[in-house]
$ cat coords_34.cif   # mmCIF, C-alpha atoms
data_target
#
loop_
_atom_site.label_atom_id
_atom_site.label_comp_id
_atom_site.auth_asym_id
_atom_site.auth_seq_id
_atom_site.Cartn_x
_atom_site.Cartn_y
_atom_site.Cartn_z
CA MET A 6 -6.04 18.31 -16.69
CA TYR A 7 -8.09 16.78 -19.49
CA GLN A 8 -5.01 15.08 -20.89
CA GLU A 9 -4.17 13.40 -17.59
CA LYS A 10 -7.78 12.29 -17.09
CA HIS A 11 -7.87 10.89 -20.60
CA LEU A 12 -4.60 9.03 -20.04
CA SER A 13 -5.95 7.58 -16.81
CA GLN A 14 -9.15 6.30 -18.40
CA GLN A 15 -7.24 4.83 -21.32
CA PHE A 16 -4.73 3.19 -19.02
CA LEU A 17 -7.36 1.67 -16.74
CA SER A 18 -9.38 0.21 -19.61
CA ALA A 19 -6.38 -1.15 -21.54
CA ASN A 20 -7.04 -4.79 -20.60
CA ARG A 21 -10.84 -4.77 -20.50
CA GLY A 22 -12.23 -7.00 -23.18
CA THR A 23 -8.89 -8.68 -23.91
CA ARG A 24 -7.56 -12.15 -23.24
CA LEU A 25 -5.46 -12.67 -20.15
CA PRO A 26 -1.91 -13.54 -21.28
CA LEU A 27 -0.65 -17.09 -21.38
CA GLY A 28 0.84 -18.05 -18.04
CA SER A 29 -1.59 -15.92 -16.02
CA LYS A 30 -2.56 -17.64 -12.79
CA GLY A 31 -6.16 -17.70 -11.65
CA ALA A 32 -7.74 -17.27 -15.08
CA PRO A 33 -10.82 -18.86 -16.67
CA LEU A 34 -10.30 -21.41 -19.42
CA CYS A 35 -11.38 -18.91 -22.08
CA ARG A 36 -8.88 -16.36 -20.63
CA SER A 37 -11.38 -13.58 -21.20
CA SER A 38 -11.07 -10.51 -18.97
CA GLN A 39 -14.81 -9.94 -19.30
CA GLY A 40 -17.73 -11.92 -17.99
CA ALA A 41 -18.74 -13.39 -14.64
CA PHE A 42 -16.93 -16.48 -13.41
CA SER A 43 -17.94 -18.48 -10.34
CA LEU A 44 -15.18 -19.68 -8.03
CA LYS A 45 -17.49 -22.13 -6.22
CA ASP A 46 -18.57 -23.65 -9.52
CA GLU A 47 -14.93 -24.07 -10.60
CA GLU A 48 -15.04 -21.73 -13.58
CA VAL A 49 -11.57 -20.36 -12.78
CA SER A 50 -8.16 -22.01 -12.58
CA LEU A 51 -6.93 -22.32 -9.00
CA PRO A 52 -4.99 -21.07 -7.14
CA CYS A 53 -6.52 -17.65 -7.60
CA ALA A 54 -6.09 -14.37 -5.72
CA VAL A 55 -9.19 -12.23 -5.32
CA VAL A 56 -10.41 -9.21 -3.39
CA ARG A 57 -13.94 -8.74 -2.15
CA ARG A 58 -15.38 -5.57 -3.70
CA SER A 59 -17.57 -4.60 -0.75
CA ALA A 60 -14.63 -4.82 1.67
CA ILE A 61 -12.34 -2.77 -0.57
CA GLU A 62 -14.91 -0.01 -0.95
CA SER A 63 -15.67 0.03 2.78
CA ASN A 64 -11.97 0.20 3.71
CA ILE A 65 -11.27 3.07 1.31
CA ASP A 66 -14.22 5.07 2.66
CA TRP A 67 -13.27 4.34 6.28
CA MET A 68 -9.71 5.62 5.99
CA GLN A 69 -10.71 8.66 3.94
CA THR A 70 -13.23 9.59 6.63
CA PHE A 71 -10.60 9.03 9.33
CA ALA A 72 -8.19 11.42 7.60
CA LYS A 73 -10.84 14.06 7.02
CA GLN A 74 -11.91 14.07 10.65
CA HIS A 75 -8.29 14.52 11.75
CA ASN A 76 -7.78 17.41 9.32
CA VAL A 77 -4.96 15.61 7.54
CA GLU A 78 -4.54 14.66 3.90
CA LEU A 79 -4.41 11.01 2.81
CA CYS A 80 -1.71 9.94 0.36
CA PRO A 81 -1.92 6.12 0.40
CA HIS A 82 1.20 4.11 -0.30
CA GLY A 83 0.70 2.30 -3.59
CA LYS A 84 3.45 -0.29 -3.16
CA THR A 85 0.99 -2.64 -1.44
CA THR A 86 -1.12 -3.30 -4.52
CA MET A 87 0.46 -1.53 -7.52
CA THR A 88 -3.02 -1.75 -9.00
CA PRO A 89 -4.18 1.26 -11.04
CA GLU A 90 -7.85 0.44 -10.54
CA LEU A 91 -7.46 0.68 -6.76
CA PHE A 92 -5.32 3.82 -7.14
CA ALA A 93 -8.16 5.44 -9.09
CA LYS A 94 -10.73 4.44 -6.45
CA GLN A 95 -8.59 5.95 -3.69
CA LEU A 96 -8.18 9.18 -5.65
CA GLU A 97 -11.89 9.35 -6.45
CA ALA A 98 -12.67 8.93 -2.75
CA GLY A 99 -10.65 12.06 -2.00
CA ALA A 100 -7.01 11.00 -1.60
CA TRP A 101 -4.63 13.98 -1.84
CA GLY A 102 -2.24 11.94 -3.97
CA LEU A 103 -0.37 8.64 -4.04
CA THR A 104 2.82 7.49 -2.35
CA VAL A 105 5.29 5.16 -4.05
CA ALA A 106 8.79 3.85 -3.41
CA THR A 107 10.46 4.07 -6.83
CA PRO A 108 10.35 6.07 -10.09
CA ALA A 109 8.93 3.03 -11.88
CA GLN A 110 6.05 2.94 -9.41
CA ALA A 111 5.60 6.69 -9.89
CA GLU A 112 4.99 6.09 -13.60
CA ILE A 113 2.03 3.87 -12.76
CA ALA A 114 0.68 6.38 -10.25
CA VAL A 115 0.77 9.11 -12.91
CA MET A 116 -0.95 6.91 -15.48
CA ALA A 117 -3.65 6.13 -12.90
CA GLY A 118 -4.43 9.83 -12.57
CA ALA A 119 -2.43 11.06 -9.57
CA GLN A 120 -1.47 14.73 -9.71
CA ARG A 121 0.58 14.62 -6.50
CA ILE A 122 3.03 11.80 -5.82
CA ILE A 123 5.37 11.28 -2.90
CA ILE A 124 8.35 9.03 -3.51
CA ALA A 125 8.96 8.13 0.12
CA ASN A 126 12.50 7.11 -0.57
CA GLN A 127 15.81 8.40 -1.85
CA VAL A 128 16.05 8.47 -5.65
CA VAL A 129 19.67 7.91 -6.63
CA GLY A 130 21.23 7.48 -10.08
CA ILE A 131 20.98 9.33 -13.37
CA VAL A 132 18.33 7.12 -15.01
CA ASN A 133 16.11 7.09 -11.92
CA MET A 134 16.29 10.87 -11.64
CA GLN A 135 15.56 11.35 -15.32
CA MET A 136 12.51 9.09 -15.07
CA VAL A 137 11.10 11.47 -12.45
CA ILE A 138 12.06 14.54 -14.49
CA ASN A 139 10.34 13.08 -17.56
CA LEU A 140 7.12 12.58 -15.62
CA ILE A 141 7.21 16.17 -14.36
CA GLN A 142 7.88 17.54 -17.84
CA GLN A 143 5.41 15.39 -19.77
CA HIS A 144 2.49 15.35 -17.35
CA GLY A 145 2.84 18.48 -15.24
CA VAL A 146 2.54 16.51 -11.99
CA ASN A 147 4.08 17.28 -8.61
CA ILE A 148 6.49 14.55 -7.54
CA PHE A 149 8.02 15.07 -4.11
CA ILE A 150 11.38 13.38 -3.58
CA CYS A 151 13.07 12.60 -0.25
CA VAL A 152 16.71 13.55 0.33
CA ASP A 153 18.98 13.03 3.33
CA SER A 154 22.47 13.80 2.00
CA VAL A 155 24.43 16.63 0.45
CA ALA A 156 25.54 14.30 -2.35
CA ASN A 157 21.95 13.51 -3.35
CA VAL A 158 20.89 17.16 -3.26
CA LYS A 159 23.80 18.12 -5.50
CA ALA A 160 22.98 15.30 -7.91
CA TRP A 161 19.37 16.49 -8.12
CA GLN A 162 20.55 20.04 -8.69
CA ALA A 163 22.70 18.93 -11.64
CA GLN A 164 19.97 16.87 -13.29
CA ALA A 165 17.19 19.41 -12.72
CA LYS A 166 19.29 22.24 -14.09
CA GLU A 167 20.34 20.24 -17.15
CA PHE A 168 16.72 19.56 -18.11
CA GLY A 169 15.30 22.91 -17.03
CA VAL A 170 12.91 21.49 -14.43
CA THR A 171 12.19 22.53 -10.87
CA VAL A 172 12.16 19.49 -8.59
CA PRO A 173 10.25 19.61 -5.26
CA LEU A 174 12.07 17.99 -2.35
CA PHE A 175 11.33 16.75 1.15
CA ILE A 176 14.10 16.43 3.67
CA GLU A 177 13.77 13.06 5.34
CA LEU A 178 14.27 12.95 9.08
CA GLY A 179 15.15 9.56 10.52
CA VAL A 180 16.10 7.94 13.80
CA LYS A 181 19.28 6.25 14.96
CA GLY A 182 19.24 2.61 13.94
CA GLY A 183 16.35 3.20 11.54
CA ARG A 184 16.31 3.47 7.77
CA CYS A 185 17.11 6.53 5.67
CA GLY A 186 16.88 10.08 6.97
CA CYS A 187 18.97 12.78 8.61
CA ARG A 188 19.84 11.91 12.19
CA THR A 189 20.27 15.44 13.53
CA GLU A 190 18.65 18.85 13.31
CA GLU A 191 21.95 20.27 12.05
CA GLN A 192 21.93 17.89 9.08
CA VAL A 193 18.38 18.93 8.19
CA LYS A 194 19.28 22.62 8.32
CA GLN A 195 22.38 22.07 6.20
CA LEU A 196 20.29 20.42 3.47
CA ALA A 197 17.62 23.10 3.73
CA GLN A 198 20.19 25.82 3.18
CA LEU A 199 21.60 23.98 0.17
CA ILE A 200 18.16 23.45 -1.37
CA MET A 201 17.06 27.04 -0.83
CA ALA A 202 20.25 28.28 -2.50
CA SER A 203 19.48 26.19 -5.60
CA ASP A 204 17.86 27.63 -8.70
CA ALA A 205 16.40 24.27 -9.72
CA LEU A 206 15.18 22.76 -6.43
CA GLU A 207 12.34 23.66 -4.05
CA LEU A 208 12.04 22.78 -0.39
CA HIS A 209 8.51 21.63 0.37
CA GLY A 210 8.80 20.14 3.82
CA ILE A 211 9.85 17.22 5.98
CA GLU A 212 9.09 13.52 5.59
CA VAL A 213 9.38 10.88 8.31
CA TYR A 214 8.67 7.19 8.77
CA GLU A 215 7.87 6.39 12.36
CA GLY A 216 7.34 2.67 11.79
CA VAL A 217 10.98 1.84 12.52
CA ILE A 218 10.52 2.92 16.15
CA SER A 219 9.65 -0.05 18.34
CA GLY A 220 9.98 -1.32 21.87
CA GLU A 221 8.12 -1.03 25.13
CA HIS A 222 7.74 2.76 24.91
CA ALA A 223 7.19 2.93 21.15
CA GLU A 224 4.14 5.21 21.24
CA GLN A 225 5.79 7.72 23.56
CA ASN A 226 8.99 7.72 21.50
CA ILE A 227 7.03 8.10 18.25
CA ARG A 228 5.14 11.11 19.60
CA GLN A 229 8.42 12.71 20.71
CA PHE A 230 9.95 12.06 17.29
CA LEU A 231 6.94 13.59 15.52
CA CYS A 232 7.05 16.66 17.76
CA PHE A 233 10.75 17.00 16.98
CA ALA A 234 10.01 16.87 13.24
CA VAL A 235 7.26 19.48 13.57
CA SER A 236 9.52 21.81 15.56
CA ILE A 237 12.21 21.65 12.88
CA LEU A 238 9.67 22.32 10.12
CA LEU A 239 8.24 25.31 11.98
CA GLU A 240 11.73 26.75 12.31
CA LEU A 241 12.44 26.20 8.60
CA LYS A 242 9.08 27.75 7.76
CA GLN A 243 10.05 30.90 9.65
CA ILE A 244 13.63 31.10 8.38
CA TYR A 245 12.74 30.65 4.71
CA ALA A 246 9.19 32.07 4.73
CA LEU A 247 7.70 28.82 3.45
CA ALA A 248 4.06 29.56 2.67
CA GLN A 249 2.42 26.15 3.09
CA PRO A 250 5.05 23.52 3.88
CA ILE A 251 4.21 19.84 4.07
CA ILE A 252 4.91 17.35 6.82
CA SER A 253 4.35 13.71 5.99
CA GLY A 254 4.50 10.46 7.91
CA ALA A 255 2.58 7.33 8.90
CA GLY A 256 2.67 3.78 7.71
CA SER A 257 -0.15 1.33 8.34
CA ALA A 258 0.55 0.68 12.03
CA TRP A 259 0.77 4.13 13.68
CA TYR A 260 -1.28 6.29 11.34
CA ASP A 261 -3.63 7.22 14.20
CA VAL A 262 -0.81 8.58 16.37
CA VAL A 263 0.67 10.53 13.46
CA ALA A 264 -2.73 11.97 12.55
CA GLU A 265 -3.32 13.05 16.15
CA GLU A 266 0.06 14.79 16.37
CA PHE A 267 -0.45 16.56 13.04
CA SER A 268 -4.15 17.42 13.36
CA GLN A 269 -3.77 20.83 15.04
CA LEU A 270 -1.06 22.28 12.79
CA GLN A 271 -1.80 25.66 11.25
CA ASN A 272 -0.65 26.75 7.76
CA ILE A 273 1.04 23.38 7.30
CA THR A 274 -0.26 20.58 5.08
CA ALA A 275 -0.14 17.33 7.06
CA VAL A 276 -0.12 14.14 4.98
CA ILE A 277 -0.40 10.55 6.18
CA ARG A 278 0.64 7.59 4.01
CA PRO A 279 -0.86 4.25 5.16
CA GLY A 280 -0.80 1.71 2.36
CA CYS A 281 -2.30 -1.60 3.48
CA TYR A 282 -5.69 -0.33 4.63
CA ALA A 283 -7.55 -0.85 1.35
CA VAL A 284 -6.72 -4.56 1.30
CA HIS A 285 -6.01 -5.12 5.02
CA ASP A 286 -5.43 -8.68 6.32
CA THR A 287 -6.09 -11.09 9.17
CA GLY A 288 -2.49 -11.04 10.39
CA ILE A 289 -0.04 -8.27 11.25
CA TYR A 290 -2.24 -5.40 10.07
CA GLN A 291 -5.30 -6.72 11.86
CA MET A 292 -3.18 -6.82 15.02
CA ALA A 293 -2.03 -3.27 14.30
CA GLN A 294 -5.63 -2.13 13.74
CA ASP A 295 -6.69 -3.74 17.02
CA LYS A 296 -4.06 -1.57 18.71
CA VAL A 297 -5.36 1.51 16.86
CA GLN A 298 -8.83 0.82 18.21
CA LYS A 299 -7.48 0.15 21.70
CA ARG A 300 -5.63 3.48 21.70
CA ALA A 301 -8.80 5.18 20.48
CA ARG A 302 -10.84 3.71 23.32
CA ILE A 303 -8.26 4.74 25.91
CA ASN A 304 -7.64 8.23 24.53
CA GLY A 305 -11.10 8.98 23.17
CA GLY A 306 -9.81 8.84 19.59
CA ILE A 307 -11.83 9.16 16.41
CA ALA A 308 -11.18 5.60 15.19
CA CYS A 309 -13.61 4.06 17.68
CA ASP A 310 -16.32 6.58 16.75
CA LEU A 311 -16.32 5.80 13.03
CA ALA A 312 -18.89 3.38 11.68
CA GLY A 313 -17.42 -0.03 10.92
CA ASP A 314 -13.73 -0.83 10.78
CA LEU A 315 -11.11 -2.09 8.39
CA VAL A 316 -11.74 -5.66 7.21
CA SER A 317 -9.67 -8.13 5.25
CA SER A 318 -10.59 -8.17 1.56
CA LEU A 319 -7.91 -10.44 0.07
CA GLU A 320 -8.60 -14.14 -0.37
CA ILE A 321 -6.62 -16.97 -1.93
CA TRP A 322 -8.58 -19.92 -3.31
CA ALA A 323 -6.77 -23.22 -3.86
CA TYR A 324 -7.40 -26.94 -4.19
CA VAL A 325 -6.46 -29.73 -1.82
CA ILE A 326 -4.25 -31.80 -4.14
CA SER A 327 -3.23 -34.63 -1.82
CA VAL A 328 -4.14 -36.20 1.52
CA PRO A 329 -1.06 -38.39 2.05
CA GLU A 330 -1.64 -38.94 5.79
CA PRO A 331 -4.77 -38.94 7.97
CA SER A 332 -3.72 -35.72 9.72
CA LYS A 333 -2.12 -33.89 6.80
CA ALA A 334 -3.38 -32.33 3.58
CA VAL A 335 -1.34 -30.73 0.83
CA VAL A 336 -2.74 -27.67 -0.93
CA GLY A 337 -1.76 -26.45 -4.40
CA LEU A 338 -0.48 -23.11 -3.13
CA GLY A 339 3.02 -22.00 -2.20
CA LYS A 340 5.60 -19.29 -1.71
CA ARG A 341 5.15 -18.26 -5.34
CA ASP A 342 1.50 -17.43 -4.65
CA VAL A 343 1.12 -16.04 -1.13
CA ALA A 344 3.00 -14.11 1.54
CA PHE A 345 4.65 -16.21 4.22
CA ASP A 346 7.01 -13.74 5.96
CA ALA A 347 4.51 -12.65 8.62
CA GLY A 348 2.51 -15.81 9.15
CA LEU A 349 0.99 -18.50 6.96
CA PRO A 350 -2.47 -18.22 5.39
CA LYS A 351 -5.52 -18.87 7.57
CA ILE A 352 -8.17 -21.30 6.34
CA GLU A 353 -11.47 -19.43 6.48
CA ARG A 354 -13.82 -21.68 4.50
CA VAL A 355 -13.98 -25.06 2.77
CA ILE A 356 -15.92 -25.56 -0.46
CA ARG A 357 -16.92 -29.06 -1.64
CA ASP A 358 -19.01 -29.70 -4.74
CA GLY A 359 -19.96 -26.03 -4.91
CA LYS A 360 -21.19 -25.82 -1.32
CA GLU A 361 -19.57 -24.58 1.86
CA ILE A 362 -19.00 -27.23 4.51
CA ALA A 363 -18.17 -26.72 8.17
CA ILE A 364 -14.74 -28.04 9.13
CA LYS A 365 -12.82 -26.74 12.13
CA GLY A 366 -9.28 -27.19 13.35
CA LEU A 367 -7.48 -26.69 10.02
CA VAL A 368 -4.10 -25.00 10.43
CA ALA A 369 -1.46 -24.22 7.82
CA SER A 370 1.82 -25.55 9.24
CA ASN A 371 4.44 -25.18 6.50
CA VAL A 372 4.90 -23.89 2.98
CA MET A 373 7.17 -24.68 0.03
CA ASP A 374 7.45 -23.21 -3.45
CA GLN A 375 4.20 -24.75 -4.74
CA HIS A 376 2.78 -26.56 -1.72
CA LEU A 377 1.05 -25.56 1.52
CA PHE A 378 0.79 -28.13 4.30
CA VAL A 379 -2.36 -28.17 6.40
CA ASP A 380 -2.69 -30.05 9.68
CA MET A 381 -6.13 -31.41 10.48
CA PRO A 382 -7.49 -33.22 13.55
CA GLN A 383 -8.60 -36.16 11.41
CA GLU A 384 -9.01 -37.03 7.75
CA VAL A 385 -11.73 -34.50 7.02
CA LEU A 386 -10.42 -32.95 3.81
CA GLN A 387 -10.65 -34.62 0.42
CA VAL A 388 -8.68 -34.19 -2.77
CA GLY A 389 -10.55 -31.59 -4.82
CA ASP A 390 -11.83 -29.59 -1.86
CA ILE A 391 -11.37 -25.84 -2.24
CA LEU A 392 -9.82 -23.92 0.64
CA VAL A 393 -10.56 -20.20 0.92
CA MET A 394 -7.75 -18.51 2.83
CA SER A 395 -6.95 -15.10 4.24
CA THR A 396 -3.41 -13.78 4.52
CA SER A 397 -0.98 -11.68 6.51
CA HIS A 398 1.07 -8.83 4.93
CA PRO A 399 -0.84 -8.29 1.66
CA CYS A 400 2.08 -6.49 -0.02
CA LEU A 401 3.89 -9.77 -0.56
CA THR A 402 0.84 -11.57 -1.91
CA PHE A 403 -0.17 -8.93 -4.45
CA ASP A 404 3.29 -8.84 -6.03
CA LYS A 405 2.97 -12.52 -6.94
CA TRP A 406 -0.04 -11.97 -9.20
CA ARG A 407 -0.36 -10.23 -12.56
CA PHE A 408 -4.15 -10.29 -12.29
CA VAL A 409 -6.30 -10.21 -9.15
CA GLY A 410 -9.99 -11.03 -9.40
CA VAL A 411 -12.72 -8.82 -7.94
CA ILE A 412 -15.54 -10.85 -6.40
CA ASN A 413 -19.09 -10.07 -5.33
CA GLN A 414 -21.16 -11.47 -2.46
CA ASP A 415 -21.76 -14.70 -4.41
CA ASP A 416 -18.03 -15.45 -4.87
CA VAL A 417 -18.27 -14.58 -8.54
CA ILE A 418 -15.40 -12.77 -10.24
CA THR A 419 -16.85 -9.76 -12.01
CA HIS A 420 -13.57 -8.60 -13.54
CA TRP A 421 -9.78 -8.70 -13.13
CA MET A 422 -7.47 -5.95 -11.95
CA GLU A 423 -3.97 -5.85 -13.42
CA THR A 424 -0.98 -5.28 -11.15
CA TYR A 425 2.27 -3.52 -12.14
CA PHE A 426 5.18 -4.81 -10.09
#
$ encode --input "coords_34.cif" --output "structure tokens"
Amino acid sequence: MYQEKHLSQQFLSANRGTRLPLGSKGAPLCRSSQGAFSLKDEEVSLPCAVVRRSAIESNIDWMQTFAKQHNVELCPHGKTTMTPELFAKQLEAGAWGLTVATPAQAEIAVMAGAQRIIIANQVVGIVNMQMVINLIQQHGVNIFICVDSVANVKAWQAQAKEFGVTVPLFIELGVKGGRCGCRTEEQVKQLAQLIMASDALELHGIEVYEGVISGEHAEQNIRQFLCFAVSILLELKQIYALAQPIISGAGSAWYDVVAEEFSQLQNITAVIRPGCYAVHDTGIYQMAQDKVQKRARINGGIACDLAGDLVSSLEIWAYVISVPEPSKAVVGLGKRDVAFDAGLPKIERVIRDGKEIAIKGLVASNVMDQHLFVDMPQEVLQVGDILVMSTSHPCLTFDKWRFVGVINQDDVITHWMETYF
């Protein structure tokens, strides 16, 4: 345990006190990773991606409390941020472990201090499997892998046996038309029998992802799917005398429904895996959270009883670089800097000469590689104005930045967090 903790501390402090590499966006002129730098006073190159510290901390505490009150474990999906500093904060707040999508992401989760890791995906290929095996051997961590085919189970058996490692597996249960996962109970039982007959594999439970279920009756269909998954796990638990099996589900949209369905399970570890909550947004996940709160009000759920709520923490700061027409401004920000798949950035504030000014009616209308177009009711923006923007779908903004600034209530960057995409 000491070794892992030491590795985590060393890993997290690796870039403190160093210069940010050449080519890093959103860095001060001196490129120091230490010191306080004011965004309003133009002490940082723009565009710049930042997160508000108070919002991050509040969001992490909110979701951890939500999980605790539902009697489920929280294993946040790290693919949203791939930021070891945030991983460590989530673990310190009480997260059961971390979820990732690939063996490469699992390496970062281990270095950030996670002792339990769920790879909520199929791991296929010799090198990918050996990366997982190396992490298990070198760090003594539990890495749970999803399988949904006989071929993948047999491949894991061969690799695990060759290296003398026991690999813990989840059987993934899916839905017709969805992503990965067994489509029938018979397929699940076939894989369970194969895993239990192995001398190098262990069956630890069932994993699902309910987020692929949509439509008018999505909630009802999700609850039915979750009940189906629980019924299969209970049968496997009895057949194979599984002491404390795990059932895991929940993305960032239906985590409340999953937690409710799992909350009353006995002698089963229930794990939810929302990933976007720490950062949140003002787009698709805010809409999803509004639905969470609406369901809570209707059903008497815990979410509406908790103090506060999730709030957007991610901001992108950028300059107006041109005002070529009275009703159009061009901002130095583009597809290489911010997510655009689920809506364009929203202009939240305008900074001019270090002070916030009130301008309404600004709407982002289009985006190119390095340019964002903003429609305005009249020529109210000037070249050199700073726009502070919120985003939708934070996953695809974070992966565009090697360093994300952490800001305080005065819009001052106190330090940078490094990302590992």
$ resolve_selection --input "coords_34.cif" --expression "the PyMOL selection byres ((chain A and resi 255) around 12)" --output "JSON, numbers by chain"
{"A": [72, 77, 78, 79, 80, 81, 82, 104, 125, 212, 213, 214, 215, 216, 217, 218, 227, 228, 231, 252, 253, 254, 256, 257, 258, 259, 260, 261, 262, 263, 264, 265, 266, 267, 275, 276, 277, 278, 279, 280, 281]}
$ write_last_selection --input "coords_34.cif" --atoms "C-alpha atoms" --output "PDB file, keeping the file's coordinate frame"
ATOM      1  CA  ALA A  72      -8.190  11.420   7.600  1.00  0.00           C
ATOM      2  CA  VAL A  77      -4.960  15.610   7.540  1.00  0.00           C
ATOM      3  CA  GLU A  78      -4.540  14.660   3.900  1.00  0.00           C
ATOM      4  CA  LEU A  79      -4.410  11.010   2.810  1.00  0.00           C
ATOM      5  CA  CYS A  80      -1.710   9.940   0.360  1.00  0.00           C
ATOM      6  CA  PRO A  81      -1.920   6.120   0.400  1.00  0.00           C
ATOM      7  CA  HIS A  82       1.200   4.110  -0.300  1.00  0.00           C
ATOM      8  CA  THR A 104       2.820   7.490  -2.350  1.00  0.00           C
ATOM      9  CA  ALA A 125       8.960   8.130   0.120  1.00  0.00           C
ATOM     10  CA  GLU A 212       9.090  13.520   5.590  1.00  0.00           C
ATOM     11  CA  VAL A 213       9.380  10.880   8.310  1.00  0.00           C
ATOM     12  CA  TYR A 214       8.670   7.190   8.770  1.00  0.00           C
ATOM     13  CA  GLU A 215       7.870   6.390  12.360  1.00  0.00           C
ATOM     14  CA  GLY A 216       7.340   2.670  11.790  1.00  0.00           C
ATOM     15  CA  VAL A 217      10.980   1.840  12.520  1.00  0.00           C
ATOM     16  CA  ILE A 218      10.520   2.920  16.150  1.00  0.00           C
ATOM     17  CA  ILE A 227       7.030   8.100  18.250  1.00  0.00           C
ATOM     18  CA  ARG A 228       5.140  11.110  19.600  1.00  0.00           C
ATOM     19  CA  LEU A 231       6.940  13.590  15.520  1.00  0.00           C
ATOM     20  CA  ILE A 252       4.910  17.350   6.820  1.00  0.00           C
ATOM     21  CA  SER A 253       4.350  13.710   5.990  1.00  0.00           C
ATOM     22  CA  GLY A 254       4.500  10.460   7.910  1.00  0.00           C
ATOM     23  CA  GLY A 256       2.670   3.780   7.710  1.00  0.00           C
ATOM     24  CA  SER A 257      -0.150   1.330   8.340  1.00  0.00           C
ATOM     25  CA  ALA A 258       0.550   0.680  12.030  1.00  0.00           C
ATOM     26  CA  TRP A 259       0.770   4.130  13.680  1.00  0.00           C
ATOM     27  CA  TYR A 260      -1.280   6.290  11.340  1.00  0.00           C
ATOM     28  CA  ASP A 261      -3.630   7.220  14.200  1.00  0.00           C
ATOM     29  CA  VAL A 262      -0.810   8.580  16.370  1.00  0.00           C
ATOM     30  CA  VAL A 263       0.670  10.530  13.460  1.00  0.00           C
ATOM     31  CA  ALA A 264      -2.730  11.970  12.550  1.00  0.00           C
ATOM     32  CA  GLU A 265      -3.320  13.050  16.150  1.00  0.00           C
ATOM     33  CA  GLU A 266       0.060  14.790  16.370  1.00  0.00           C
ATOM     34  CA  PHE A 267      -0.450  16.560  13.040  1.00  0.00           C
ATOM     35  CA  ALA A 275      -0.140  17.330   7.060  1.00  0.00           C
ATOM     36  CA  VAL A 276      -0.120  14.140   4.980  1.00  0.00           C
ATOM     37  CA  ILE A 277      -0.400  10.550   6.180  1.00  0.00           C
ATOM     38  CA  ARG A 278       0.640   7.590   4.010  1.00  0.00           C
ATOM     39  CA  PRO A 279      -0.860   4.250   5.160  1.00  0.00           C
ATOM     40  CA  GLY A 280      -0.800   1.710   2.360  1.00  0.00           C
ATOM     41  CA  CYS A 281      -2.300  -1.600   3.480  1.00  0.00           C
TER      42      CYS A 281
END
$ closest_residue --input "coords_34.cif" --among "A:Thr274, A:Ser203, A:Gln291, A:Gln414" --to "Gln249 of chain A" --atoms "all atoms listed in the file"
A:Thr274
$ resolve_selection --input "coords_34.cif" --expression "the PyMOL selection byres ((chain A and resi 108) around 7)" --output "ChimeraX atom specification"
/A:107,109-112,133,136-137
$ resolve_selection --input "coords_34.cif" --expression "the PyMOL selection byres ((chain A and resi 29) around 10)" --output "PDB file with C-alpha atoms, in the coordinates of the input"
ATOM      1  CA  LEU A  25      -5.460 -12.670 -20.150  1.00  0.00           C
ATOM      2  CA  PRO A  26      -1.910 -13.540 -21.280  1.00  0.00           C
ATOM      3  CA  LEU A  27      -0.650 -17.090 -21.380  1.00  0.00           C
ATOM      4  CA  GLY A  28       0.840 -18.050 -18.040  1.00  0.00           C
ATOM      5  CA  LYS A  30      -2.560 -17.640 -12.790  1.00  0.00           C
ATOM      6  CA  GLY A  31      -6.160 -17.700 -11.650  1.00  0.00           C
ATOM      7  CA  ALA A  32      -7.740 -17.270 -15.080  1.00  0.00           C
ATOM      8  CA  PRO A  33     -10.820 -18.860 -16.670  1.00  0.00           C
ATOM      9  CA  ARG A  36      -8.880 -16.360 -20.630  1.00  0.00           C
ATOM     10  CA  SER A  50      -8.160 -22.010 -12.580  1.00  0.00           C
ATOM     11  CA  CYS A  53      -6.520 -17.650  -7.600  1.00  0.00           C
ATOM     12  CA  TRP A 406      -0.040 -11.970  -9.200  1.00  0.00           C
ATOM     13  CA  ARG A 407      -0.360 -10.230 -12.560  1.00  0.00           C
ATOM     14  CA  PHE A 408      -4.150 -10.290 -12.290  1.00  0.00           C
TER      15      PHE A 408
END
$ closest_residue --input "coords_34.cif" --among "A:Val193, A:Met422, A:Leu367, A:Cys400" --to "Leu91 of chain A" --atoms "all atoms listed in the file"
A:Met422
$ closest_residue --input "coords_34.cif" --among "A:Leu241, A:Ile124, A:Val411, A:Ile418" --to "Phe149 of chain A" --atoms "all atoms listed in the file"
A:Ile124
$ atom_distance --input "coords_34.cif" --atom1 "atom CA of Gln294 of chain A" --atom2 "atom CA of Phe378 of chain A"
28.4 Å
$ closest_residue --input "coords_34.cif" --among "A:Leu44, A:Val155, A:Ile326, A:Leu401" --to "Gln198 of chain A" --atoms "only C-alpha atoms"
A:Val155
$ residues_around --input "coords_34.cif" --residues "Ile307 of chain A" --least-positions-apart "6" --cutoff "12 Å" --atoms "all atoms listed in the file" --output "list in words"
Trp67, Met68, Thr70, Phe71, Ala72, Lys73, Gln74, His75, Asn76, Asp261, Val262, Ala264, Glu265, Ser268, Val297, Gln298, Lys299, Arg300, Ala301 and Asp314 of chain A
$ closest_residue --input "coords_34.cif" --among "A:Thr88, A:Gln387, A:Gln162, A:Gln69" --to "Leu311 of chain A" --atoms "all atoms listed in the file"
A:Gln69
$ residues_around --input "coords_34.cif" --residues "segment 285-287 of chain A" --least-positions-apart "5" --cutoff "8 Å" --atoms "only C-alpha atoms" --output "number ranges by chain"
A: 292, 315-319, 351, 395-399
$ residues_around --input "coords_34.cif" --residues "Arg341 of chain A" --least-positions-apart "5" --cutoff "9 Å" --atoms "only C-alpha atoms" --output "list in words"
Met373, Asp374, Gln375, Thr402 and Lys405 of chain A
